[in-house]
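A short worksheet on the structure shown next.
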Amino acid sequence: MIKLAQDEQTRPKYCSQGGYCRFRRCQARYCFHSILGLRSTEPRTALDYGRAIHCALPHLQRGNVVKGAAAFAESWKDRTSEEDEKRNFTRAMSTLDQWYESHVLKGTRPYTIVEPPKSELKLIDRRSADEFPFLVDLSPGDQPDALPFYGLIDGLGKSKNDPSYWVLEYKTTSELGTRFVNAFQLNLQIISYATALTILLPNYNIQGGYVEALRSSKTNADSLCIPVFVYRWEMEAFVESYLDTCTQITQCLDSGRWQQDFSACTTFSQHGSPGYLCNFHDLCKAEDWRTMLAAYVIDQSSPFEELTEGDAQNAD
Ligand code: SF4
């Protein structure tokens with residue numbers, strides 16, 4: 001059990017889908033990341049590469065390959081080496097070229113990208129004008145402990161076949177096979193973003209999301225556009241679970257007690273196969289977790305320039 005005094009805890013102003021997942025997986029994991037702001041000091045190559053691809057794709061969506069390459073280069077310029085064989089400038093150009101040729105030039109995209117609605121939320125680190133940040137109140141009965149739900153959509157697509165709109169989500173991945181596609185059969189990020197947009201933009205007829213997945217590989221340039229339909233009953237189940245989670249987060253904050261769930265430390269316990277190890281395992285292995293804090297940095301920055309109570313429901 002992780003125990004904190006009240007003055008050690010920073011009370012959250014909102015909850016993202018990442019925060020929701022973290023808490024559902026393990027209260028201590030949510031506490032370390034979202035309440036104490038602990039971040040591991042491991043290299044962020046995959047995150048930096050994904051960010052640079054996010055900067056480039058909106059230009060390619062509009063047929064401007066040169067601007068896309070420049071946007072990638074600008075985001076990637078602080079990388080001091082290109083030692084990662086899968087994630088470097090040369091591989092990125094090959095990957096982006098393949099995506100542009102197969103999805104844009106051949107006209108295979110089932111959607112047209114559209115300008116997102118205006119959002120009053122001001123992002124500190126905006127990657128493109130297509131991004132749509134939102135804060136939405138998911139509590140129909142005005143539940144007092146419900147946190148506004150925060151999200152950032154990569155883009156908005158309008159179907160070429162019917163009057164529906166779709167969340168666009170860009171992903172870079174080393175694995176682009178059945179296991180990756182299955183990860184989006186029932187996917188919290190797409191379900192929650194479609195739910196939020198359905199509430200904020202009731203006239204848009206949101207049907208789900210398209211995941212534009214680009215493979216990170218030292219040899220192959222490959223990509224997929226994966227449609228993910230989201231149904232009304234999935235949205236209702238998400239909202240119910242989200243609001244229940246907010247109540248549990250409040251209970252943990254009030255008591256200062258956060259349970260460690262050892263079934264969630266690796267994929268083996270829950271899915272029967274080896275894989276990801278929780279990046280806070282050093283803390284949970286120690287008799288006194290506070291003695292291991294030097295292995296982490298603290299980052300409690302907000303993605304917004306400023307955030308006020310009135311920012312929820314601020315999209316128009
Ligand atoms: S290592 Fe396990 S118990 Fe500790 S925070 Fe991570 S998931 Fe929770």
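Ordered as shown in the structure tokens, chains take letters A, B, and onward, while each chain numbers its residues from 1 and ligands are numbered from 1 in the order shown.
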For this session: Return as a ChimeraX atom specification every polymer residue, whether protein, DNA or RNA, with at least one atom no more than 8 Å from an atom of ligand 1; count only C-alpha atoms and all ligand atoms.
Result: /A:25-30,32,259-266,277-285
Restricted to N, CA and C atoms, what would the selected residues look like written as a PDB file, in the first residue's frame?
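The result, stored in part.pdb:
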```pdb
ATOM      1  N   ARG A  25      -5.848  -0.139 -13.856  1.00  0.00           N
ATOM      2  CA  ARG A  25      -4.830  -1.190 -13.824  1.00  0.00           C
ATOM      3  C   ARG A  25      -4.256  -1.344 -12.413  1.00  0.00           C
ATOM      4  N   CYS A  26      -3.974  -0.225 -11.775  1.00  0.00           N
ATOM      5  CA  CYS A  26      -3.350  -0.298 -10.450  1.00  0.00           C
ATOM      6  C   CYS A  26      -3.411   1.098  -9.819  1.00  0.00           C
ATOM      7  N   GLN A  27      -3.967   1.184  -8.617  1.00  0.00           N
ATOM      8  CA  GLN A  27      -4.089   2.488  -7.952  1.00  0.00           C
ATOM      9  C   GLN A  27      -2.722   3.129  -7.711  1.00  0.00           C
ATOM     10  N   ALA A  28      -1.749   2.292  -7.347  1.00  0.00           N
ATOM     11  CA  ALA A  28      -0.405   2.829  -7.068  1.00  0.00           C
ATOM     12  C   ALA A  28       0.213   3.413  -8.339  1.00  0.00           C
ATOM     13  N   ARG A  29      -0.045   2.752  -9.465  1.00  0.00           N
ATOM     14  CA  ARG A  29       0.495   3.246 -10.742  1.00  0.00           C
ATOM     15  C   ARG A  29      -0.087   4.626 -11.067  1.00  0.00           C
ATOM     16  N   TYR A  30      -1.377   4.788 -10.845  1.00  0.00           N
ATOM     17  CA  TYR A  30      -2.011   6.098 -11.060  1.00  0.00           C
ATOM     18  C   TYR A  30      -1.415   7.134 -10.091  1.00  0.00           C
ATOM     19  N   PHE A  32       1.571   7.163  -8.607  1.00  0.00           N
ATOM     20  CA  PHE A  32       2.950   7.530  -8.965  1.00  0.00           C
ATOM     21  C   PHE A  32       2.964   8.491 -10.157  1.00  0.00           C
ATOM     22  N   GLN A 259      -3.649   1.311  -3.370  1.00  0.00           N
ATOM     23  CA  GLN A 259      -3.293  -0.115  -3.382  1.00  0.00           C
ATOM     24  C   GLN A 259      -2.334  -0.447  -4.517  1.00  0.00           C
ATOM     25  N   GLN A 260      -1.386  -1.343  -4.213  1.00  0.00           N
ATOM     26  CA  GLN A 260      -0.524  -1.912  -5.257  1.00  0.00           C
ATOM     27  C   GLN A 260      -1.176  -3.193  -5.764  1.00  0.00           C
ATOM     28  N   ASP A 261      -1.387  -3.283  -7.056  1.00  0.00           N
ATOM     29  CA  ASP A 261      -2.013  -4.470  -7.637  1.00  0.00           C
ATOM     30  C   ASP A 261      -0.956  -5.246  -8.421  1.00  0.00           C
ATOM     31  N   PHE A 262      -0.423  -6.308  -7.800  1.00  0.00           N
ATOM     32  CA  PHE A 262       0.673  -7.051  -8.430  1.00  0.00           C
ATOM     33  C   PHE A 262       0.209  -7.896  -9.622  1.00  0.00           C
ATOM     34  N   SER A 263      -1.087  -7.983  -9.849  1.00  0.00           N
ATOM     35  CA  SER A 263      -1.557  -8.682 -11.056  1.00  0.00           C
ATOM     36  C   SER A 263      -1.367  -7.810 -12.291  1.00  0.00           C
ATOM     37  N   ALA A 264      -1.014  -6.545 -12.078  1.00  0.00           N
ATOM     38  CA  ALA A 264      -0.943  -5.606 -13.198  1.00  0.00           C
ATOM     39  C   ALA A 264       0.485  -5.197 -13.560  1.00  0.00           C
ATOM     40  N   CYS A 265       1.481  -5.805 -12.907  1.00  0.00           N
ATOM     41  CA  CYS A 265       2.864  -5.342 -13.119  1.00  0.00           C
ATOM     42  C   CYS A 265       3.413  -5.753 -14.490  1.00  0.00           C
ATOM     43  N   THR A 266       2.986  -6.902 -14.980  1.00  0.00           N
ATOM     44  CA  THR A 266       3.405  -7.337 -16.313  1.00  0.00           C
ATOM     45  C   THR A 266       2.181  -7.871 -17.054  1.00  0.00           C
ATOM     46  N   LEU A 277       6.720  -4.450 -18.733  1.00  0.00           N
ATOM     47  CA  LEU A 277       6.872  -4.424 -17.272  1.00  0.00           C
ATOM     48  C   LEU A 277       6.608  -3.001 -16.803  1.00  0.00           C
ATOM     49  N   CYS A 278       5.771  -2.845 -15.794  1.00  0.00           N
ATOM     50  CA  CYS A 278       5.425  -1.509 -15.288  1.00  0.00           C
ATOM     51  C   CYS A 278       6.692  -0.723 -14.965  1.00  0.00           C
ATOM     52  N   ASN A 279       6.743   0.519 -15.423  1.00  0.00           N
ATOM     53  CA  ASN A 279       7.963   1.305 -15.228  1.00  0.00           C
ATOM     54  C   ASN A 279       8.138   1.797 -13.784  1.00  0.00           C
ATOM     55  N   PHE A 280       7.202   1.459 -12.898  1.00  0.00           N
ATOM     56  CA  PHE A 280       7.372   1.796 -11.482  1.00  0.00           C
ATOM     57  C   PHE A 280       7.780   0.575 -10.654  1.00  0.00           C
ATOM     58  N   HIS A 281       8.233  -0.509 -11.326  1.00  0.00           N
ATOM     59  CA  HIS A 281       8.533  -1.731 -10.580  1.00  0.00           C
ATOM     60  C   HIS A 281       9.666  -1.526  -9.579  1.00  0.00           C
ATOM     61  N   ASP A 282      10.591  -0.588  -9.880  1.00  0.00           N
ATOM     62  CA  ASP A 282      11.679  -0.326  -8.921  1.00  0.00           C
ATOM     63  C   ASP A 282      11.122   0.160  -7.584  1.00  0.00           C
ATOM     64  N   LEU A 283      10.086   0.970  -7.659  1.00  0.00           N
ATOM     65  CA  LEU A 283       9.481   1.499  -6.424  1.00  0.00           C
ATOM     66  C   LEU A 283       8.799   0.378  -5.642  1.00  0.00           C
ATOM     67  N   CYS A 284       8.076  -0.475  -6.371  1.00  0.00           N
ATOM     68  CA  CYS A 284       7.286  -1.506  -5.688  1.00  0.00           C
ATOM     69  C   CYS A 284       8.130  -2.683  -5.208  1.00  0.00           C
ATOM     70  N   LYS A 285       9.338  -2.848  -5.742  1.00  0.00           N
ATOM     71  CA  LYS A 285      10.241  -3.897  -5.256  1.00  0.00           C
ATOM     72  C   LYS A 285      10.895  -3.485  -3.935  1.00  0.00           C
TER      73      LYS A 285
END
```
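Summary of the local environment: counting only C-alpha atoms, residues at most 7 Å from segment 157-166 of chain A, other than itself and those fewer than 4 positions away along its chain, are A:Pro110, A:Tyr111, A:Thr112, A:Ile113, A:Val114, A:Tyr204, A:Asn205, A:Ile206, A:Gln207, A:Gly208, A:Gly209, A:Tyr210.
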Take the selection from the previous step and output its residues with C-alpha atoms, as a PDB file, in the first residue's frame.
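Ended up saving to result_4.pdb:
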```
ATOM      1  CA  PRO A 110     -12.407   6.121 -46.628  1.00  0.00           C
ATOM      2  CA  TYR A 111     -12.592   9.655 -45.268  1.00  0.00           C
ATOM      3  CA  THR A 112     -11.710  13.248 -46.082  1.00  0.00           C
ATOM      4  CA  ILE A 113      -9.867  15.136 -43.378  1.00  0.00           C
ATOM      5  CA  VAL A 114     -11.792  18.219 -42.202  1.00  0.00           C
ATOM      6  CA  TYR A 204     -21.559  15.267 -36.328  1.00  0.00           C
ATOM      7  CA  ASN A 205     -22.922  11.679 -36.194  1.00  0.00           C
ATOM      8  CA  ILE A 206     -19.676  10.205 -34.846  1.00  0.00           C
ATOM      9  CA  GLN A 207     -19.402   6.551 -35.910  1.00  0.00           C
ATOM     10  CA  GLY A 208     -16.038   5.603 -34.391  1.00  0.00           C
ATOM     11  CA  GLY A 209     -12.415   6.040 -35.306  1.00  0.00           C
ATOM     12  CA  TYR A 210      -9.932   5.367 -38.076  1.00  0.00           C
TER      13      TYR A 210
END
```
For this session: Excluding Thr195 of chain A and residues on its chain fewer than 2 positions from it, collect all residues at most 10 Å away from it, counting only C-alpha atoms, and give them as an MDAnalysis selection string.
Result: chainID A and resid 136 138 189:193 197:201 206:208 230:232 234:236 238:239
Write out the residues from the selection above, keeping N, CA and C atoms, as a PDB file, in the first residue's frame.
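Contents of selection-v1.pdb, freshly written:
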```pdb
ATOM      1  N   VAL A 136     -14.540  17.447 -21.291  1.00  0.00           N
ATOM      2  CA  VAL A 136     -15.984  17.263 -21.307  1.00  0.00           C
ATOM      3  C   VAL A 136     -16.448  16.680 -19.980  1.00  0.00           C
ATOM      4  N   LEU A 138     -18.644  14.271 -18.216  1.00  0.00           N
ATOM      5  CA  LEU A 138     -19.373  13.041 -18.566  1.00  0.00           C
ATOM      6  C   LEU A 138     -20.445  12.705 -17.541  1.00  0.00           C
ATOM      7  N   GLN A 189      -9.315   4.025 -25.950  1.00  0.00           N
ATOM      8  CA  GLN A 189      -9.045   5.363 -26.487  1.00  0.00           C
ATOM      9  C   GLN A 189     -10.090   5.752 -27.538  1.00  0.00           C
ATOM     10  N   ILE A 190     -10.363   4.844 -28.463  1.00  0.00           N
ATOM     11  CA  ILE A 190     -11.322   5.167 -29.519  1.00  0.00           C
ATOM     12  C   ILE A 190     -12.736   5.287 -28.941  1.00  0.00           C
ATOM     13  N   ILE A 191     -13.105   4.363 -28.047  1.00  0.00           N
ATOM     14  CA  ILE A 191     -14.455   4.421 -27.447  1.00  0.00           C
ATOM     15  C   ILE A 191     -14.633   5.737 -26.683  1.00  0.00           C
ATOM     16  N   SER A 192     -13.641   6.089 -25.879  1.00  0.00           N
ATOM     17  CA  SER A 192     -13.793   7.292 -25.043  1.00  0.00           C
ATOM     18  C   SER A 192     -13.777   8.559 -25.887  1.00  0.00           C
ATOM     19  N   TYR A 193     -12.943   8.606 -26.928  1.00  0.00           N
ATOM     20  CA  TYR A 193     -12.900   9.804 -27.770  1.00  0.00           C
ATOM     21  C   TYR A 193     -14.200   9.946 -28.576  1.00  0.00           C
ATOM     22  N   LEU A 197     -16.762  13.142 -28.295  1.00  0.00           N
ATOM     23  CA  LEU A 197     -17.173  13.932 -29.465  1.00  0.00           C
ATOM     24  C   LEU A 197     -18.676  13.860 -29.703  1.00  0.00           C
ATOM     25  N   THR A 198     -19.263  12.717 -29.381  1.00  0.00           N
ATOM     26  CA  THR A 198     -20.722  12.599 -29.532  1.00  0.00           C
ATOM     27  C   THR A 198     -21.427  13.590 -28.603  1.00  0.00           C
ATOM     28  N   ILE A 199     -20.877  13.788 -27.409  1.00  0.00           N
ATOM     29  CA  ILE A 199     -21.476  14.749 -26.463  1.00  0.00           C
ATOM     30  C   ILE A 199     -21.198  16.184 -26.907  1.00  0.00           C
ATOM     31  N   LEU A 200     -19.958  16.444 -27.311  1.00  0.00           N
ATOM     32  CA  LEU A 200     -19.571  17.821 -27.640  1.00  0.00           C
ATOM     33  C   LEU A 200     -20.101  18.278 -28.999  1.00  0.00           C
ATOM     34  N   LEU A 201     -20.198  17.341 -29.939  1.00  0.00           N
ATOM     35  CA  LEU A 201     -20.578  17.692 -31.312  1.00  0.00           C
ATOM     36  C   LEU A 201     -21.782  16.840 -31.733  1.00  0.00           C
ATOM     37  N   ILE A 206     -20.963  10.897 -35.009  1.00  0.00           N
ATOM     38  CA  ILE A 206     -19.676  10.205 -34.846  1.00  0.00           C
ATOM     39  C   ILE A 206     -19.899   8.685 -34.856  1.00  0.00           C
ATOM     40  N   GLN A 207     -19.210   8.003 -35.754  1.00  0.00           N
ATOM     41  CA  GLN A 207     -19.402   6.551 -35.910  1.00  0.00           C
ATOM     42  C   GLN A 207     -18.301   5.729 -35.246  1.00  0.00           C
ATOM     43  N   GLY A 208     -17.161   6.342 -34.976  1.00  0.00           N
ATOM     44  CA  GLY A 208     -16.038   5.603 -34.391  1.00  0.00           C
ATOM     45  C   GLY A 208     -14.735   6.275 -34.752  1.00  0.00           C
ATOM     46  N   VAL A 230     -17.803   2.357 -33.114  1.00  0.00           N
ATOM     47  CA  VAL A 230     -18.130   2.464 -31.684  1.00  0.00           C
ATOM     48  C   VAL A 230     -19.643   2.531 -31.548  1.00  0.00           C
ATOM     49  N   TYR A 231     -20.189   1.675 -30.686  1.00  0.00           N
ATOM     50  CA  TYR A 231     -21.639   1.579 -30.539  1.00  0.00           C
ATOM     51  C   TYR A 231     -22.114   2.283 -29.268  1.00  0.00           C
ATOM     52  N   ARG A 232     -23.403   2.643 -29.304  1.00  0.00           N
ATOM     53  CA  ARG A 232     -23.992   3.409 -28.196  1.00  0.00           C
ATOM     54  C   ARG A 232     -23.782   2.691 -26.861  1.00  0.00           C
ATOM     55  N   GLU A 234     -21.419   0.707 -25.982  1.00  0.00           N
ATOM     56  CA  GLU A 234     -20.021   0.809 -25.520  1.00  0.00           C
ATOM     57  C   GLU A 234     -19.791   2.173 -24.855  1.00  0.00           C
ATOM     58  N   MET A 235     -20.361   3.204 -25.449  1.00  0.00           N
ATOM     59  CA  MET A 235     -20.220   4.545 -24.860  1.00  0.00           C
ATOM     60  C   MET A 235     -20.854   4.591 -23.471  1.00  0.00           C
ATOM     61  N   GLU A 236     -22.032   4.002 -23.334  1.00  0.00           N
ATOM     62  CA  GLU A 236     -22.720   4.022 -22.036  1.00  0.00           C
ATOM     63  C   GLU A 236     -21.916   3.257 -20.985  1.00  0.00           C
ATOM     64  N   PHE A 238     -18.692   2.805 -21.006  1.00  0.00           N
ATOM     65  CA  PHE A 238     -17.497   3.585 -20.667  1.00  0.00           C
ATOM     66  C   PHE A 238     -17.839   4.683 -19.662  1.00  0.00           C
ATOM     67  N   VAL A 239     -18.914   5.424 -19.928  1.00  0.00           N
ATOM     68  CA  VAL A 239     -19.267   6.543 -19.034  1.00  0.00           C
ATOM     69  C   VAL A 239     -19.536   6.019 -17.621  1.00  0.00           C
TER      70      VAL A 239
END
```
Determine, for each residue of segment 73-163 of chain A having at least one atom at most 7 Å from an atom of segment 240-250 of chain A, the closest pair of atoms and their separation in Å to one decimal, counting only C-alpha atoms; order by chain and ascending number, as CSV.
```
residue,atom,partner,partner_atom,distance
A:Ser139,CA,A:Leu243,CA,7.0
A:Asp145,CA,A:Thr247,CA,6.0
A:Ala146,CA,A:Cys246,CA,5.4
A:Leu147,CA,A:Cys246,CA,6.3
```
Any chance you could export the current selection's N, CA and C atoms as a PDB file, in the first residue's frame?
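To be explicit, this is the file written out as again-v5.pdb:
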```pdb
ATOM      1  N   SER A 139     -20.660  13.615 -16.582  1.00  0.00           N
ATOM      2  CA  SER A 139     -21.577  13.319 -15.489  1.00  0.00           C
ATOM      3  C   SER A 139     -22.942  13.946 -15.752  1.00  0.00           C
ATOM      4  N   ASP A 145     -17.968  14.344  -7.539  1.00  0.00           N
ATOM      5  CA  ASP A 145     -16.553  13.969  -7.638  1.00  0.00           C
ATOM      6  C   ASP A 145     -16.129  13.589  -9.060  1.00  0.00           C
ATOM      7  N   ALA A 146     -17.002  13.833 -10.056  1.00  0.00           N
ATOM      8  CA  ALA A 146     -16.639  13.492 -11.441  1.00  0.00           C
ATOM      9  C   ALA A 146     -15.615  14.489 -11.977  1.00  0.00           C
ATOM     10  N   LEU A 147     -14.500  13.967 -12.455  1.00  0.00           N
ATOM     11  CA  LEU A 147     -13.479  14.833 -13.057  1.00  0.00           C
ATOM     12  C   LEU A 147     -13.832  15.053 -14.524  1.00  0.00           C
TER      13      LEU A 147
END
```
For this session: Write out as a PyMOL selection string which residues come within 12 Å of Val104 of chain A when counting only C-alpha atoms, dropping same-chain ones fewer than 2 positions away.
Result: chain A and resi 57-65+96-102+106-113+225
